[in-house]
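Colleague: Handing you a structure now.
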Amino acid sequence: MIPITGGVISGPLLKGHVVPGGADYQLIVADGTTAHLDARYVIETHDGARMFVHNTAVRFASKQDSLRIMQGQPVDPAAVYFRCQPRLEAASPDYDWVNHTQFIGVGLRKP
């Protein structure tokens, strides 16, 4: 379990920050090449609305690159398959569009 302590959201339709207190639960498969991620946290938008995020992801890399990732070393992003599917839930009418939108993301693992 990795605590989620903050972050910034910046895009054309959504701006704000990650509220501290969430967590990213990771299952690293026995050979170390695959990680299943399950993150749950809250975003607060620039205008004060809050929304819940449940993000699931899969990350796969070769044994050699997986070892480098675990040691905090840089790995060429092209060598890592990292896809996510965040689900957002908002009560604010201004952000109702997130409740019926399918999001798909590409992750990048930095040291």
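Residues in the structure tokens are named by chain (A, B, ... in the order shown) and by number from 1 within that chain; ligands are numbered from 1 in the order shown.
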Could you give me, as a PyMOL selection string, the residues within 10 Å of Ile69 of chain A, counting only C-alpha atoms and dropping anything in the same chain fewer than 5 positions from it?
Modeller: chain A and resi 33+61+63-64+74-75+80+109-111
Colleague: I need the residues from that last selection saved to file as an mmCIF file, in the first residue's frame (with C-alpha atoms), if you can.
Modeller:
data_model
loop_
_atom_site.group_PDB
_atom_site.id
_atom_site.type_symbol
_atom_site.label_atom_id
_atom_site.label_comp_id
_atom_site.auth_asym_id
_atom_site.auth_seq_id
_atom_site.Cartn_x
_atom_site.Cartn_y
_atom_site.Cartn_z
ATOM 1 C CA THR A 33 7.076 -8.237 -14.125
ATOM 2 C CA ALA A 61 7.765 -4.748 -18.038
ATOM 3 C CA LYS A 63 12.242 -8.825 -15.651
ATOM 4 C CA GLN A 64 15.273 -6.607 -16.200
ATOM 5 C CA PRO A 74 14.958 5.167 -14.996
ATOM 6 C CA VAL A 75 13.383 2.892 -17.615
ATOM 7 C CA VAL A 80 6.706 -0.522 -20.144
ATOM 8 C CA ARG A 109 6.646 5.372 -14.173
ATOM 9 C CA LYS A 110 9.380 7.781 -13.083
ATOM 10 C CA PRO A 111 12.201 6.986 -10.626
#
Colleague: Once DSSP has gone over the backbone, tell me which residues of segment 36-110 of chain A are in strand (DSSP E or B), as a PyMOL selection string.
Modeller: chain A and resi 36-45+50-60+81-90+105-106
Colleague: Let me see the file: selected residues, N, CA and C atoms, as a CSV table (one decimal), in the first residue's frame.
Modeller:
chain,number,residue,atom,x,y,z
A,36,HIS,N,-0.6,-5.0,-10.6
A,36,HIS,CA,-2.0,-4.6,-10.6
A,36,HIS,C,-2.2,-3.5,-9.6
A,37,LEU,N,-2.7,-2.4,-10.0
A,37,LEU,CA,-2.8,-1.2,-9.1
A,37,LEU,C,-4.3,-0.9,-8.9
A,38,ASP,N,-4.6,-0.5,-7.7
A,38,ASP,CA,-6.0,-0.1,-7.3
A,38,ASP,C,-5.9,1.1,-6.4
A,39,ALA,N,-6.1,2.3,-7.0
A,39,ALA,CA,-5.9,3.5,-6.2
A,39,ALA,C,-7.3,4.2,-6.0
A,40,ARG,N,-7.4,4.7,-4.8
A,40,ARG,CA,-8.7,5.4,-4.4
A,40,ARG,C,-8.3,6.7,-3.7
A,41,TYR,N,-8.8,7.8,-4.2
A,41,TYR,CA,-8.5,9.1,-3.6
A,41,TYR,C,-9.5,10.1,-4.0
A,42,VAL,N,-9.4,11.3,-3.5
A,42,VAL,CA,-10.3,12.4,-3.7
A,42,VAL,C,-9.6,13.6,-4.4
A,43,ILE,N,-10.3,14.2,-5.4
A,43,ILE,CA,-9.8,15.4,-6.1
A,43,ILE,C,-10.6,16.5,-5.6
A,44,GLU,N,-10.0,17.7,-5.3
A,44,GLU,CA,-10.7,18.9,-5.1
A,44,GLU,C,-10.4,19.8,-6.3
A,45,THR,N,-11.4,20.3,-6.9
A,45,THR,CA,-11.3,21.1,-8.1
A,45,THR,C,-10.9,22.6,-7.7
A,50,ARG,N,-15.6,18.5,-4.9
A,50,ARG,CA,-14.8,17.3,-4.7
A,50,ARG,C,-15.4,16.1,-5.5
A,51,MET,N,-14.5,15.2,-5.9
A,51,MET,CA,-14.9,14.0,-6.6
A,51,MET,C,-14.0,12.9,-6.1
A,52,PHE,N,-14.6,11.7,-6.1
A,52,PHE,CA,-14.0,10.5,-5.8
A,52,PHE,C,-13.4,9.8,-7.0
A,53,VAL,N,-12.2,9.3,-6.9
A,53,VAL,CA,-11.5,8.6,-8.0
A,53,VAL,C,-11.2,7.2,-7.6
A,54,HIS,N,-11.6,6.3,-8.4
A,54,HIS,CA,-11.1,4.9,-8.3
A,54,HIS,C,-10.4,4.5,-9.6
A,55,ASN,N,-9.1,4.3,-9.5
A,55,ASN,CA,-8.3,4.1,-10.6
A,55,ASN,C,-7.7,2.7,-10.6
A,56,THR,N,-8.0,1.9,-11.5
A,56,THR,CA,-7.3,0.5,-11.6
A,56,THR,C,-6.3,0.6,-12.8
A,57,ALA,N,-5.3,-0.2,-12.7
A,57,ALA,CA,-4.2,-0.1,-13.7
A,57,ALA,C,-3.5,-1.4,-13.8
A,58,VAL,N,-2.8,-1.6,-14.9
A,58,VAL,CA,-1.9,-2.8,-15.1
A,58,VAL,C,-0.6,-2.2,-15.6
A,59,ARG,N,0.5,-2.6,-15.0
A,59,ARG,CA,1.8,-2.3,-15.5
A,59,ARG,C,2.6,-3.5,-15.7
A,60,PHE,N,3.2,-3.6,-16.9
A,60,PHE,CA,4.0,-4.8,-17.3
A,60,PHE,C,5.4,-4.4,-17.9
A,81,TYR,N,4.5,-1.4,-20.5
A,81,TYR,CA,3.0,-1.3,-20.8
A,81,TYR,C,2.4,-0.8,-19.5
A,82,PHE,N,1.7,0.3,-19.5
A,82,PHE,CA,1.1,0.9,-18.3
A,82,PHE,C,-0.2,1.6,-18.7
A,83,ARG,N,-1.3,0.9,-18.5
A,83,ARG,CA,-2.6,1.4,-18.8
A,83,ARG,C,-3.5,1.5,-17.6
A,84,CYS,N,-4.4,2.5,-17.6
A,84,CYS,CA,-5.3,2.6,-16.4
A,84,CYS,C,-6.7,3.0,-16.9
A,85,GLN,N,-7.6,2.8,-16.0
A,85,GLN,CA,-9.0,3.1,-16.2
A,85,GLN,C,-9.6,3.8,-15.0
A,86,PRO,N,-9.4,5.1,-14.9
A,86,PRO,CA,-10.0,5.8,-13.7
A,86,PRO,C,-11.5,6.0,-13.9
A,87,ARG,N,-12.2,5.8,-12.7
A,87,ARG,CA,-13.6,6.1,-12.7
A,87,ARG,C,-13.8,7.3,-11.7
A,88,LEU,N,-14.4,8.3,-12.2
A,88,LEU,CA,-14.7,9.5,-11.3
A,88,LEU,C,-16.1,9.6,-11.0
A,89,GLU,N,-16.4,10.1,-9.7
A,89,GLU,CA,-17.8,10.3,-9.2
A,89,GLU,C,-17.8,11.7,-8.6
A,90,ALA,N,-18.8,12.5,-9.1
A,90,ALA,CA,-18.9,13.8,-8.6
A,90,ALA,C,-20.4,14.1,-8.3
A,105,GLY,N,-6.4,5.8,-19.6
A,105,GLY,CA,-5.1,6.5,-19.5
A,105,GLY,C,-3.9,5.7,-19.8
A,106,VAL,N,-2.8,6.4,-20.0
A,106,VAL,CA,-1.5,5.7,-20.2
A,106,VAL,C,-0.6,6.3,-19.1
Colleague: Atom CA of Leu27 of chain A to atom CA of Thr101 of chain A: how many Å, to one decimal?
Modeller: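 Distance reported for this atom pair: 26.8 Å.
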Colleague: Find the residue from A:Ile9, A:Asp47, A:Ala91, A:Asp31 that sits nearest to Ser62 of chain A; use only C-alpha atoms when measuring.
Modeller: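 Nearest to Ser62 of chain A: A:Asp31.
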Colleague: Using only C-alpha atoms, find the one residue out of A:Met70, A:Ile4, A:Leu108, A:Ala79 that sits nearest to Gly21 of chain A.
Modeller: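 Closest candidate: A:Ile4.
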Colleague: How many Å lie between atom CA of Met1 of chain A and atom CA of Thr34 of chain A, rounded to one decimal?
Modeller: 15.8 Å
Colleague: Of the candidates A:Pro3, A:Gly48, A:Gly72, A:Pro77, which shows the shortest atom-to-atom distance to Gly22 of chain A, using only C-alpha atoms?
Modeller: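 Checking each candidate against Gly22 of chain A, we get A:Pro3 as the closest.
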Colleague: Please identify the helix (DSSP H, G or I) residues within chain A (assignment by DSSP from backbone atoms) and present them as a ChimeraX atom specification.
Modeller: /A:63-70,77-79,93-100
Colleague: I need the residue nearest Ser92 of chain A from this list: A:Ala30, A:Val8, A:Ile104, A:Ala49. Use only C-alpha atoms for the distance.
Modeller: A:Ala49
